[in-house]
file model-v5.txt (compact mmCIF, C-alpha atoms (C1' of nucleotides) and all ligand atoms)
# COMPACT_ATOMS: atom_id res chain seq x y z
CA MET B 1 -12.70 6.31 -42.73
CA GLY B 2 -9.16 7.46 -42.45
CA LYS B 3 -7.67 6.27 -45.70
CA SER B 4 -5.07 8.95 -45.20
CA ALA B 5 -2.23 8.52 -42.81
CA THR B 6 -1.54 10.68 -39.76
CA LYS B 7 -4.74 11.90 -38.26
CA ASP B 8 -4.08 14.16 -35.30
CA SER B 9 -4.46 11.24 -32.96
CA ASP B 10 -1.96 9.20 -34.94
CA VAL B 11 0.53 11.96 -34.63
CA ALA B 12 -0.09 12.28 -30.91
CA ARG B 13 0.27 8.57 -30.43
CA SER B 14 3.31 8.17 -32.59
CA THR B 15 5.12 11.04 -30.92
CA ILE B 16 4.99 9.86 -27.36
CA THR B 17 7.95 11.60 -25.85
CA ALA B 18 10.08 10.03 -23.19
CA PRO B 19 13.43 10.53 -21.51
CA LYS B 20 16.39 9.29 -23.50
CA LEU B 21 16.77 5.59 -22.99
CA ALA B 22 20.23 4.04 -23.16
CA ALA B 23 20.48 1.24 -25.70
CA LYS B 24 21.37 -1.18 -22.94
CA TRP B 25 18.03 -0.74 -21.20
CA ARG B 26 16.04 -0.81 -24.40
CA LYS B 27 17.67 -4.11 -25.38
CA LEU B 28 16.93 -5.52 -21.97
CA ALA B 29 13.32 -4.41 -22.17
CA GLU B 30 12.95 -5.98 -25.59
CA ALA B 31 14.55 -9.20 -24.40
CA ARG B 32 12.34 -9.48 -21.33
CA CYS B 33 9.21 -8.80 -23.34
CA ALA B 34 10.13 -11.31 -25.99
CA ALA B 35 10.80 -13.87 -23.28
CA ALA B 36 7.44 -13.18 -21.68
CA ASN B 37 5.72 -13.01 -25.06
CA GLU B 38 4.45 -9.53 -24.30
CA ARG B 39 4.32 -6.40 -26.41
CA LEU B 40 6.61 -3.50 -25.72
CA THR B 41 4.49 -0.54 -26.84
CA PRO B 42 5.67 3.09 -27.01
CA ALA B 43 3.58 4.03 -23.99
CA ARG B 44 5.02 1.19 -21.92
CA LEU B 45 8.52 2.05 -22.98
CA ALA B 46 7.90 5.71 -22.13
CA ALA B 47 6.79 4.77 -18.62
CA TYR B 48 9.87 2.60 -18.21
CA ALA B 49 12.15 5.37 -19.47
CA GLU B 50 10.59 7.79 -17.03
CA LEU B 51 11.28 5.45 -14.13
CA LEU B 52 14.86 4.94 -15.32
CA ALA B 53 15.36 8.70 -15.55
CA SER B 54 14.17 9.23 -11.99
CA LYS B 55 16.75 9.30 -9.26
CA ARG B 56 14.28 7.81 -6.77
CA PRO B 57 11.35 5.44 -6.57
CA VAL B 58 8.21 7.22 -7.75
CA SER B 59 4.59 6.69 -6.85
CA ALA B 60 2.04 5.91 -9.55
CA TYR B 61 0.65 9.42 -9.34
CA GLU B 62 4.09 10.99 -9.49
CA LEU B 63 4.67 8.97 -12.63
CA ILE B 64 1.40 10.27 -14.06
CA ALA B 65 2.56 13.82 -13.39
CA LEU B 66 5.95 13.17 -14.97
CA MET B 67 4.39 11.69 -18.09
CA GLU B 68 1.78 14.43 -18.35
CA ASP B 69 4.50 17.07 -18.14
CA ARG B 70 6.56 15.32 -20.76
CA GLN B 71 3.71 14.63 -23.16
CA GLN B 72 1.56 17.65 -22.47
CA ARG B 73 -1.68 15.71 -22.20
CA LYS B 74 -3.89 14.10 -19.57
CA ILE B 75 -3.14 10.52 -18.60
CA ALA B 76 -5.62 8.51 -16.57
CA PRO B 77 -4.40 6.71 -13.44
CA LEU B 78 -5.55 3.38 -14.82
CA THR B 79 -3.32 3.81 -17.84
CA VAL B 80 -0.24 4.23 -15.72
CA TYR B 81 -1.24 1.43 -13.37
CA ARG B 82 -1.53 -0.82 -16.39
CA HIS B 83 1.93 0.17 -17.55
CA LEU B 84 3.30 -0.50 -14.08
CA ASP B 85 1.56 -3.87 -13.89
CA PHE B 86 3.09 -4.75 -17.21
CA LEU B 87 6.58 -3.61 -16.27
CA THR B 88 6.53 -5.51 -12.99
CA ARG B 89 5.05 -8.57 -14.69
CA VAL B 90 7.92 -8.83 -17.14
CA GLY B 91 10.44 -8.11 -14.40
CA LEU B 92 11.71 -4.71 -15.50
CA VAL B 93 10.33 -2.89 -12.50
CA HIS B 94 9.83 -3.61 -8.81
CA ARG B 95 7.12 -2.25 -6.57
CA LEU B 96 8.07 -1.14 -3.06
CA GLU B 97 5.21 -2.20 -0.84
CA SER B 98 6.12 -0.12 2.16
CA THR B 99 6.27 3.14 0.20
CA HIS B 100 3.75 2.47 -2.56
CA SER B 101 6.29 3.31 -5.17
CA TYR B 102 8.00 1.84 -8.19
CA LEU B 103 11.51 1.70 -9.53
CA PRO B 104 13.41 -0.06 -12.31
CA CYS B 105 15.18 -3.28 -11.44
CA ASP B 106 18.94 -2.92 -11.22
CA HIS B 107 19.68 -6.25 -12.88
CA PRO B 108 16.73 -7.40 -14.94
CA GLU B 109 18.72 -9.99 -16.85
CA HIS B 110 17.02 -12.71 -14.85
CA ALA B 111 13.77 -12.81 -12.91
CA HIS B 112 14.01 -12.57 -9.14
CA GLU B 113 12.23 -11.44 -6.02
CA SER B 114 12.66 -7.92 -4.80
CA GLN B 115 15.05 -7.29 -1.92
CA TYR B 116 15.73 -3.71 -0.87
CA LEU B 117 17.43 -1.50 1.65
CA LEU B 118 15.30 1.64 1.87
CA CYS B 119 16.62 4.80 3.47
CA SER B 120 13.92 6.64 5.35
CA SER B 121 15.99 9.81 5.36
CA CYS B 122 17.16 10.37 1.78
CA GLY B 123 14.74 7.97 0.08
CA HIS B 124 17.48 5.98 -1.58
CA ALA B 125 16.60 2.41 -2.57
CA ASP B 126 19.45 -0.07 -2.76
CA GLU B 127 18.59 -3.32 -4.47
CA VAL B 128 20.18 -6.35 -2.87
CA GLU B 129 20.81 -9.66 -4.52
CA SER B 130 21.51 -12.12 -1.79
CA LYS B 131 21.49 -15.79 -2.62
CA PRO B 132 21.77 -16.81 1.03
CA LEU B 133 18.72 -14.68 1.84
CA GLU B 134 16.85 -16.15 -1.07
CA SER B 135 17.65 -19.68 -0.01
CA ILE B 136 16.70 -19.21 3.61
CA LEU B 137 13.39 -17.73 2.53
CA ASN B 138 12.81 -20.77 0.34
CA LYS B 139 13.76 -23.04 3.19
CA ILE B 140 11.31 -21.39 5.57
CA ALA B 141 8.51 -21.80 3.06
CA ASP B 142 9.54 -25.34 2.23
CA GLN B 143 9.57 -26.51 5.83
CA ARG B 144 5.93 -25.44 6.12
CA GLY B 145 4.75 -26.83 2.82
CA PHE B 146 4.23 -23.30 1.60
CA GLN B 147 4.52 -22.53 -2.12
CA PRO B 148 5.96 -19.04 -2.55
CA GLU B 149 4.83 -17.00 -5.53
CA ASN B 150 6.27 -13.65 -4.65
CA THR B 151 8.34 -12.39 -1.76
CA VAL B 152 8.77 -8.94 -0.29
CA VAL B 153 11.92 -8.02 1.61
CA GLU B 154 12.25 -4.38 2.56
CA ILE B 155 14.76 -3.31 5.18
CA LYS B 156 13.92 0.23 6.23
CA GLY B 157 16.37 2.46 8.07
CA LEU B 158 19.27 4.80 7.46
CA CYS B 159 21.66 4.33 4.57
CA ALA B 160 25.38 4.56 5.22
CA SER B 161 25.74 8.20 4.28
CA CYS B 162 22.63 9.33 6.19
CA ALA B 163 23.65 7.27 9.21
CA THR B 164 27.10 8.85 9.44
CA SER B 165 25.86 12.39 8.88
CA ASP B 166 23.01 12.01 11.38
CA SER B 167 24.69 10.36 14.32
CA ASP B 168 26.59 12.35 16.97
CA MET A 1 -20.74 22.30 34.52
CA GLY A 2 -20.28 18.64 35.10
CA LYS A 3 -20.20 18.55 38.89
CA SER A 4 -22.15 15.35 38.69
CA ALA A 5 -20.62 12.12 37.55
CA THR A 6 -21.74 10.16 34.49
CA LYS A 7 -22.89 12.47 31.77
CA ASP A 8 -24.19 10.58 28.77
CA SER A 9 -20.82 10.81 27.12
CA ASP A 10 -19.15 9.38 30.21
CA VAL A 11 -21.46 6.43 30.07
CA ALA A 12 -20.81 5.95 26.38
CA ARG A 13 -17.08 6.20 26.90
CA SER A 14 -16.99 3.94 29.91
CA THR A 15 -19.04 1.25 28.24
CA ILE A 16 -16.91 0.65 25.18
CA THR A 17 -17.78 -2.90 24.26
CA ALA A 18 -15.29 -5.31 22.84
CA PRO A 19 -14.89 -9.00 22.16
CA LYS A 20 -13.98 -11.06 25.20
CA LEU A 21 -10.28 -10.86 25.78
CA ALA A 22 -8.48 -13.78 27.38
CA ALA A 23 -6.54 -12.81 30.51
CA LYS A 24 -3.33 -13.89 28.83
CA TRP A 25 -3.61 -11.27 26.12
CA ARG A 26 -4.71 -8.57 28.48
CA LYS A 27 -1.70 -9.20 30.70
CA LEU A 28 0.58 -9.10 27.70
CA ALA A 29 -0.93 -5.85 26.53
CA GLU A 30 -0.51 -4.32 29.96
CA ALA A 31 3.07 -5.52 30.17
CA ARG A 32 4.01 -4.16 26.75
CA CYS A 33 2.44 -0.80 27.49
CA ALA A 34 4.14 -0.53 30.84
CA ALA A 35 7.44 -1.37 29.20
CA ALA A 36 6.90 1.26 26.53
CA ASN A 37 5.54 3.74 29.06
CA GLU A 38 2.34 4.06 27.09
CA ARG A 39 -1.30 4.12 28.20
CA LEU A 40 -3.57 1.21 27.52
CA THR A 41 -6.95 2.92 27.16
CA PRO A 42 -10.33 1.16 26.77
CA ALA A 43 -10.56 2.18 23.12
CA ARG A 44 -7.09 0.84 22.37
CA LEU A 45 -7.84 -2.37 24.18
CA ALA A 46 -11.11 -2.70 22.30
CA ALA A 47 -9.31 -2.36 18.97
CA TYR A 48 -6.77 -4.97 20.07
CA ALA A 49 -9.51 -7.33 21.21
CA GLU A 50 -11.28 -6.96 17.89
CA LEU A 51 -8.10 -7.90 16.03
CA LEU A 52 -7.58 -10.88 18.31
CA ALA A 53 -11.15 -12.01 17.72
CA SER A 54 -10.75 -11.89 13.96
CA LYS A 55 -9.70 -15.06 12.20
CA ARG A 56 -7.82 -13.05 9.58
CA PRO A 57 -5.85 -9.87 9.09
CA VAL A 58 -8.25 -6.95 8.79
CA SER A 59 -7.90 -3.64 7.01
CA ALA A 60 -8.24 -0.40 8.95
CA TYR A 61 -11.67 0.18 7.44
CA GLU A 62 -12.80 -3.34 8.21
CA LEU A 63 -11.76 -2.70 11.77
CA ILE A 64 -13.79 0.50 11.78
CA ALA A 65 -16.84 -1.45 10.62
CA LEU A 66 -16.30 -4.14 13.26
CA MET A 67 -16.00 -1.58 16.02
CA GLU A 68 -18.96 0.43 14.78
CA ASP A 69 -21.10 -2.72 14.75
CA ARG A 70 -19.98 -3.64 18.21
CA GLN A 71 -20.37 -0.21 19.73
CA GLN A 72 -23.29 1.06 17.69
CA ARG A 73 -21.74 4.43 16.93
CA LYS A 74 -19.69 6.17 14.27
CA ILE A 75 -15.91 5.90 14.50
CA ALA A 76 -13.66 8.10 12.38
CA PRO A 77 -10.87 6.53 10.34
CA LEU A 78 -8.29 8.62 12.12
CA THR A 79 -9.34 7.20 15.47
CA VAL A 80 -8.73 3.66 14.34
CA TYR A 81 -5.49 4.56 12.58
CA ARG A 82 -4.27 6.04 15.84
CA HIS A 83 -5.15 2.87 17.70
CA LEU A 84 -3.34 0.81 15.08
CA ASP A 85 -0.29 3.06 15.24
CA PHE A 86 -0.26 2.63 18.97
CA LEU A 87 -0.68 -1.14 18.87
CA THR A 88 2.08 -1.57 16.32
CA ARG A 89 4.32 0.88 18.20
CA VAL A 90 4.17 -1.17 21.40
CA GLY A 91 4.57 -4.40 19.47
CA LEU A 92 1.16 -5.97 19.99
CA VAL A 93 0.16 -5.80 16.36
CA HIS A 94 1.88 -6.11 13.00
CA ARG A 95 0.98 -4.40 9.79
CA LEU A 96 1.05 -6.40 6.56
CA GLU A 97 2.41 -4.05 3.92
CA SER A 98 1.43 -6.08 0.92
CA THR A 99 -2.22 -6.35 1.93
CA HIS A 100 -2.69 -3.13 3.89
CA SER A 101 -4.00 -5.04 6.84
CA TYR A 102 -3.30 -5.59 10.49
CA LEU A 103 -3.17 -8.56 12.83
CA PRO A 104 -2.11 -9.31 16.40
CA CYS A 105 1.40 -10.57 16.94
CA ASP A 106 1.56 -14.26 17.79
CA HIS A 107 4.31 -13.88 20.36
CA PRO A 108 4.44 -10.35 21.66
CA GLU A 109 6.56 -11.25 24.69
CA HIS A 110 9.52 -9.61 23.04
CA ALA A 111 9.83 -7.00 20.31
CA HIS A 112 10.74 -8.25 16.87
CA GLU A 113 10.41 -7.57 13.17
CA SER A 114 7.47 -8.98 11.27
CA GLN A 115 8.03 -12.10 9.17
CA TYR A 116 5.03 -13.70 7.51
CA LEU A 117 3.88 -16.38 5.14
CA LEU A 118 0.73 -15.04 3.49
CA CYS A 119 -1.63 -17.32 1.64
CA SER A 120 -3.12 -15.61 -1.38
CA SER A 121 -5.88 -18.21 -1.57
CA CYS A 122 -7.34 -18.50 1.92
CA GLY A 123 -5.87 -15.32 3.36
CA HIS A 124 -4.15 -17.09 6.21
CA ALA A 125 -1.18 -15.30 7.77
CA ASP A 126 1.45 -17.46 9.42
CA GLU A 127 3.92 -15.57 11.57
CA VAL A 128 7.45 -16.89 11.34
CA GLU A 129 10.17 -16.39 13.90
CA SER A 130 13.41 -17.27 12.22
CA LYS A 131 16.62 -16.29 13.92
CA PRO A 132 18.72 -17.28 10.90
CA LEU A 133 16.58 -15.04 8.71
CA GLU A 134 16.89 -12.22 11.19
CA SER A 135 20.64 -12.56 11.35
CA ILE A 136 21.16 -12.67 7.62
CA LEU A 137 19.05 -9.55 7.24
CA ASN A 138 21.19 -7.85 9.85
CA LYS A 139 24.32 -9.02 8.10
CA ILE A 140 23.17 -7.64 4.76
CA ALA A 141 22.48 -4.26 6.34
CA ASP A 142 25.71 -4.34 8.30
CA GLN A 143 27.89 -5.04 5.29
CA ARG A 144 26.54 -1.90 3.66
CA GLY A 145 26.73 0.34 6.69
CA PHE A 146 22.96 0.45 6.77
CA GLN A 147 21.16 0.97 10.09
CA PRO A 148 17.89 -0.98 10.01
CA GLU A 149 14.94 0.44 11.91
CA ASN A 150 12.21 -1.81 10.68
CA THR A 151 12.11 -4.76 8.32
CA VAL A 152 9.33 -6.22 6.23
CA VAL A 153 9.40 -9.86 5.18
CA GLU A 154 6.28 -11.14 3.48
CA ILE A 155 6.35 -14.40 1.56
CA LYS A 156 3.21 -14.56 -0.55
CA GLY A 157 1.95 -17.78 -2.08
CA LEU A 158 -0.13 -20.85 -1.25
CA CYS A 159 -0.26 -22.28 2.25
CA ALA A 160 0.16 -26.02 2.70
CA SER A 161 -3.53 -26.83 2.73
CA CYS A 162 -4.40 -24.61 -0.23
CA ALA A 163 -1.40 -25.92 -2.17
CA THR A 164 -2.43 -29.55 -1.78
CA SER A 165 -6.09 -28.93 -2.57
CA ASP A 166 -5.28 -26.77 -5.61
CA SER A 167 -2.61 -28.76 -7.34
CA ASP A 168 -3.30 -31.57 -9.86
C1' DT E 1 -7.30 22.61 41.66
C1' DG E 2 -4.68 24.36 38.10
C1' DG E 3 -1.43 23.12 34.61
C1' DC E 4 0.06 20.19 31.04
C1' DG E 5 0.65 16.71 27.69
C1' DA E 6 -1.54 12.57 25.81
C1' DA E 7 -5.60 10.84 23.84
C1' DC E 8 -9.77 11.54 21.44
C1' DG E 9 -13.40 13.65 18.36
C1' DT E 10 -14.88 16.08 14.07
C1' DT E 11 -14.52 17.50 9.58
C1' DA E 12 -12.30 17.66 5.46
C1' DT E 13 -9.17 16.15 2.04
C1' DA E 14 -5.16 13.80 0.06
C1' DA E 15 -3.19 9.66 -1.90
C1' DC E 16 -3.63 5.18 -3.82
C1' DA E 17 -6.14 1.81 -6.72
C1' DT E 18 -9.79 -0.40 -9.51
C1' DA E 19 -14.44 -1.14 -12.21
C1' DT E 20 -16.84 -0.67 -16.47
C1' DC E 21 -17.42 -0.10 -21.02
C1' DA E 22 -16.23 1.94 -25.47
C1' DT E 23 -12.55 2.40 -28.99
C1' DT E 24 -8.19 1.58 -31.21
C1' DT E 25 -4.49 -1.19 -32.49
C1' DG E 26 -1.85 -4.72 -34.58
C1' DA E 27 -0.72 -9.31 -35.77
C1' DA E 28 -2.69 -13.60 -37.97
C1' DC E 29 -5.16 -15.53 -41.30
C1' DC E 30 -7.65 -15.85 -45.64
C1' DG N 1 -6.41 -5.96 -49.54
C1' DG N 2 -9.94 -7.43 -46.15
C1' DT N 3 -11.61 -10.07 -41.98
C1' DT N 4 -11.13 -11.39 -37.42
C1' DC N 5 -9.83 -11.46 -32.78
C1' DA N 6 -7.35 -10.52 -28.70
C1' DA N 7 -4.52 -7.12 -26.53
C1' DA N 8 -3.91 -2.43 -25.46
C1' DT N 9 -5.69 2.05 -24.67
C1' DG N 10 -8.97 5.78 -23.48
C1' DA N 11 -12.71 7.98 -20.73
C1' DT N 12 -15.41 8.29 -16.80
C1' DA N 13 -16.64 7.05 -12.40
C1' DT N 14 -15.96 5.12 -8.07
C1' DG N 15 -13.82 2.59 -4.29
C1' DT N 16 -10.17 2.16 -0.76
C1' DT N 17 -6.51 3.66 2.20
C1' DA N 18 -4.38 7.37 4.93
C1' DT N 19 -3.53 11.97 6.84
C1' DA N 20 -4.20 17.18 7.97
C1' DA N 21 -5.91 20.66 10.95
C1' DC N 22 -7.90 22.02 14.97
C1' DG N 23 -10.52 21.90 19.02
C1' DT N 24 -12.01 19.22 23.32
C1' DT N 25 -11.53 15.85 26.97
C1' DC N 26 -8.90 13.07 30.02
C1' DG N 27 -5.77 11.76 33.51
C1' DC N 28 -1.72 12.55 35.91
C1' DC N 29 0.93 15.35 38.97
C1' DA N 30 2.56 19.33 41.43
ZN ZN B 201 15.53 -6.52 -9.39
ZN ZN B 202 19.97 7.96 3.15
ZN ZN B 203 5.14 -10.81 15.99
ZN ZN B 204 -4.31 -21.04 2.12
call {"tool": "encode", "arguments": {"input": "model-v5.txt", "output": "structure tokens"}}
result
Amino acid sequence: MGKSATKDSDVARSTITAPKLAAKWRKLAEARCAAANERLTPARLAAYAELLASKRPVSAYELIALMEDRQQRKIAPLTVYRHLDFLTRVGLVHRLESTHSYLPCDHPEHAHESQYLLCSSCGHADEVESKPLESILNKIADQRGFQPENTVVEIKGLCASCATSDSD
Amino acid sequence: MGKSATKDSDVARSTITAPKLAAKWRKLAEARCAAANERLTPARLAAYAELLASKRPVSAYELIALMEDRQQRKIAPLTVYRHLDFLTRVGLVHRLESTHSYLPCDHPEHAHESQYLLCSSCGHADEVESKPLESILNKIADQRGFQPENTVVEIKGLCASCATSDSD
DNA sequence: TGGCGAACGTTATAACATATCATTTGAACC
DNA sequence: GGTTCAAATGATATGTTATAACGTTCGCCA
């Protein structure tokens, strides 16, 4: 079947819409996927673009809603969870454990553990890149013969602007 | 109604069963609650005792099952979540964000943030108390004008014994 | 012994995540 | 071009974690 091109489903698939994605991020995504020997499909890229377009971390189900709105079709949770697994696996996205949400990495040039300051008032997530923190975490593990695979650091509290506006 | 003592419900309530709780832990619990000006009820103590008796971190629903087995009656999720909120609030219990589970603090004499090494193979949770780690986390927040309220540090990987038995 | 706030119970539902199995896709090879 | 195979996706169902809403009981204190 289907000698002809463009069945309806082909059209639907090939026209996955997504927020505009700056060339910089697309290049990075391609580079990370090539490095990891993984495929960067349109659906995966669309999920990534949606996260990049969001001002805040989004939950998996918020991402589903965003993509359904954009694409005007139903998307199963599993689909989005698979995209998120993929994006975190290749290092383009971090998961925030304490808020069950996801956001694009601020500097995905190199793989690293996630370290965040999370404002409980405005929801802002500030990615930290602290070598000293990294090394002390490694030291702690090392001293105990522990082999780290993945480390979560999430400092929750009030960001500078919320702290100043709230106090007094 | 109820002029007499001991209705059935009184009996049920007053005979909440729980794992045996060493005097040391009971004293600590009482001290922490007094300090926080909170009530240490039988149900809360029973939940704490169950966590202490467990060899591993347990999820809220595992705790429900444990308590239902012990007490031979239905317990609603909300009830146990309230006990867990209480226990974490007074500093007797920590929540592991990355595994959605709970475990008693190893040194609840003083309040502190949770810092753990979590073995993904055997499930063991090793509580760390690192002042240097604490101070660098504070410094990171400080430099950015961030007011920390609560910090999550969870190093996931292989514990010493799992690492040696797995490798090679 | 009445008032009051904390704790608890009951029911329902929201939010987060995965299992299973069928189908489609796309690159590799012939 | 056609075959093959693994990866990705889709569809449906279910499992797990967490909270909302509201009424009742408990324990302290005036
Ligand atoms: Zn990052
Ligand atoms: Zn803020
Ligand atoms: Zn502790
Ligand atoms: Zn282990």
call {"tool": "residues_near_ligand", "arguments": {"input": "model-v5.txt", "ligand": "ligand ZN 202 (chain B)", "cutoff": "12 Å", "atoms": "all atoms listed in the file", "output": "tab-separated table (two decimals) with C-alpha atoms, in the frame of the given file"}}
result
chain	number	residue	atom	x	y	z
B	56	ARG	CA	14.28	7.81	-6.77
B	117	LEU	CA	17.43	-1.50	1.65
B	118	LEU	CA	15.30	1.64	1.87
B	119	CYS	CA	16.62	4.80	3.47
B	120	SER	CA	13.92	6.64	5.35
B	121	SER	CA	15.99	9.81	5.36
B	122	CYS	CA	17.16	10.37	1.78
B	123	GLY	CA	14.74	7.97	0.08
B	124	HIS	CA	17.48	5.98	-1.58
B	125	ALA	CA	16.60	2.41	-2.57
B	126	ASP	CA	19.45	-0.07	-2.76
B	156	LYS	CA	13.92	0.23	6.23
B	157	GLY	CA	16.37	2.46	8.07
B	158	LEU	CA	19.27	4.80	7.46
B	159	CYS	CA	21.66	4.33	4.57
B	160	ALA	CA	25.38	4.56	5.22
B	161	SER	CA	25.74	8.20	4.28
B	162	CYS	CA	22.63	9.33	6.19
B	163	ALA	CA	23.65	7.27	9.21
B	164	THR	CA	27.10	8.85	9.44
B	165	SER	CA	25.86	12.39	8.88
B	166	ASP	CA	23.01	12.01	11.38
A	144	ARG	CA	26.54	-1.90	3.66
A	145	GLY	CA	26.73	0.34	6.69
A	146	PHE	CA	22.96	0.45	6.77
A	147	GLN	CA	21.16	0.97	10.09
A	148	PRO	CA	17.89	-0.98	10.01
call {"tool": "interface_residues", "arguments": {"input": "model-v5.txt", "of": "chain E", "to": "chain B", "cutoff": "12 Å", "atoms": "all atoms listed in the file", "output": "list in words"}}
result
DA14, DA15, DC16, DA17, DT18, DA19, DT24, DT25, DG26 and DA27 of chain E
call {"tool": "closest_residue", "arguments": {"input": "model-v5.txt", "among": "A:Ala111, A:Leu87, A:Ala29, A:Leu96", "to": "chain B", "atoms": "all atoms listed in the file"}}
result
A:Leu96
call {"tool": "closest_residue", "arguments": {"input": "model-v5.txt", "among": "A:Arg82, A:Arg70, A:Lys55, A:Lys24", "to": "chain N", "atoms": "all atoms listed in the file"}}
result
A:Arg82
call {"tool": "residues_around", "arguments": {"input": "model-v5.txt", "residues": "stretch 4-8 of chain E", "least_positions_apart": "3", "cutoff": "8 Å", "atoms": "only C-alpha atoms (C1' of nucleotides)", "output": "number ranges by chain"}}
result
A: 79; N: 25-26
call {"tool": "interface_residues", "arguments": {"input": "model-v5.txt", "of": "chain B", "to": "chain N", "cutoff": "9 Å", "atoms": "only C-alpha atoms (C1' of nucleotides)", "output": "ChimeraX atom specification"}}
result
/B:39,41,75-76,79
call {"tool": "residues_near_ligand", "arguments": {"input": "model-v5.txt", "ligand": "ligand ZN 201 (chain B)", "cutoff": "9 Å", "atoms": "all atoms listed in the file", "output": "ChimeraX atom specification"}}
result
/B:91-94,104-116,127-129
call {"tool": "closest_residue", "arguments": {"input": "model-v5.txt", "among": "A:Thr88, A:Thr17, A:Ser101, A:Gln143", "to": "ligand ZN 203 (chain B)", "atoms": "only C-alpha atoms and all ligand atoms"}}
result
A:Thr88
call {"tool": "atom_distance", "arguments": {"input": "model-v5.txt", "atom1": "atom CA of B:Leu52", "atom2": "atom CA of B:Trp25"}}
result
8.8 Å
call {"tool": "closest_residue", "arguments": {"input": "model-v5.txt", "among": "B:Ile64, B:Glu97, B:Lys139, B:Pro42", "to": "chain A", "atoms": "only C-alpha atoms"}}
result
B:Glu97
call {"tool": "atom_distance", "arguments": {"input": "model-v5.txt", "atom1": "atom CA of B:Tyr102", "atom2": "atom CA of B:Pro57"}}
result
5.2 Å
call {"tool": "atom_distance", "arguments": {"input": "model-v5.txt", "atom1": "atom CA of A:Asn150", "atom2": "atom CA of A:His83"}}
result
19.3 Å
call {"tool": "axis_aligned_box", "arguments": {"input": "model-v5.txt", "around": "stretch 6-14 of chain N", "padding_each_side": "3 Å", "output": "JSON"}}
result
{"center_x": -10.3, "center_y": -1.1, "center_z": -18.4, "size_x": 18.7, "size_y": 24.8, "size_z": 26.6}
call {"tool": "residues_around", "arguments": {"input": "model-v5.txt", "residues": "A:Asp69", "least_positions_apart": "3", "cutoff": "12 Å", "atoms": "only C-alpha atoms (C1' of nucleotides)", "output": "VMD selection string"}}
result
chain A and resid 16 to 19 50 62 to 66 72 to 75
